[in-house]
Amino acid sequence: MHGFFPFPRLHVITDSLDVVRGVAGHEDVAVQIRVKSTDAVAYALTVAALEILRPAGTMCLVNDRVAVALAAGADGVHLGEDDLPVEAGRRVLGPDAVIGATCRNPTAARAAVAAGASYLGTGPAFATSTKDGLPPPIGPAGVAAVVDAVPGTPVLAIGGITADRVPVLPSYGVAAIGAFVADPKRAVAEFLEALR
């Protein structure tokens, strides 16, 4: 997995190069590029992000878009429930790519790991406004159920994640979006402190 050990515990999901610059180079941090518009925009942003992240030694994943991850040379991809299946992403990106999968329950978690997922995102852990149409939050107990289902696989809690909520989460790590918008440098320091 491109020598990223241990696996980063804090995933920063963003479409902002300012955020990318603010969090690059921290140990235990990965960046997920998430673009809502077109592949062309996602590709350009990923290439620009990699110019910042590669020299800093920070993992770069692309949200949802396997072709963009491959074309830009990202470290991997995070696949949601409406994206390509994990095994298809693995076929395209090869054995060394990092592939994350979104799972909301133990059954889906076990299936994703069996299909070749490197890590899982589970949630929404708490109510969140950064994504429409999400099911009700699964809470720390729901996160724990997924963690227990896939021993040895990193599970990241996502959805309404703030630094002060990290201690109640039984997950390996967390992924967050909104928390990094205003002051990414300060947010990353607060999250890493909470994860310790």
# chains A, B, ... in the order shown; residues from 1 in each chain; ligands from 1
$ residues_around --residues "range 106-109 of chain A" --least-positions-apart "5" --cutoff "8 Å" --atoms "only C-alpha atoms" --output "PyMOL selection string"
chain A and resi 120+145-150
$ select_by_dssp --residues "range 44-195 of chain A" --states "strand (DSSP E)" --output "list in words"
Met59, Cys60, Leu61, Val62, Asn63, Gly76, Val77, His78, Leu79, Val98, Ile99, Gly100, Ala101, Thr102, Cys103, Tyr119, Leu120, Gly121, Thr122, Val155, Leu156, Ala157, Ile158, Gly173, Val174, Ala175 and Ala176 of chain A
$ atom_distance --atom1 "CA of Gly133 in chain A" --atom2 "CA of Ile177 in chain A"
16.4 Å
$ closest_residue --among "A:Leu134, A:Gly73, A:Asn63, A:Ala112" --to "Ala88 in chain A" --atoms "only C-alpha atoms"
A:Ala112
$ select_by_dssp --residues "range 58-100 of chain A" --states "helix (DSSP H, G or I)" --output "list in words"
Val66, Ala67, Val68, Ala69, Leu70, Ala71, Ala72, Val86, Glu87, Ala88, Gly89, Arg90, Arg91, Val92 and Leu93 of chain A
$ atom_distance --atom1 "CA of Val143 in chain A" --atom2 "CA of Asp96 in chain A"
26.6 Å
$ residues_around --residues "Ser37 in chain A" --least-positions-apart "6" --cutoff "12 Å" --atoms "only C-alpha atoms" --output "MDAnalysis selection string"
chainID A and resid 15 43:45 64:65
$ write_last_selection --atoms "C-alpha atoms" --output "compact mmCIF listing (two decimals), in the first residue's frame"
# COMPACT_ATOMS: atom_id res chain seq x y z
CA ASP A 15 -12.59 19.69 -2.77
CA TYR A 43 -9.08 14.95 -12.31
CA ALA A 44 -7.61 18.48 -12.37
CA LEU A 45 -8.09 18.86 -8.62
CA ASP A 64 -16.23 7.59 -5.90
CA ARG A 65 -14.30 7.95 -9.16
$ atom_distance --atom1 "CA of Asp83 in chain A" --atom2 "CA of Arg104 in chain A"
15.0 Å
$ closest_residue --among "A:Val181, A:Leu195, A:Val19, A:Ala111" --to "Val168 in chain A" --atoms "only C-alpha atoms"
A:Leu195
$ residues_around --residues "range 89-92 of chain A" --least-positions-apart "4" --cutoff "10 Å" --atoms "only C-alpha atoms" --output "count of residues only"
21
$ residues_around --residues "Arg54 in chain A" --least-positions-apart "4" --cutoff "12 Å" --atoms "only C-alpha atoms" --output "NGL selection string"
:A and (2 or 4 or 20-21 or 24-25 or 30-31 or 46-50 or 58-61 or 73-75)
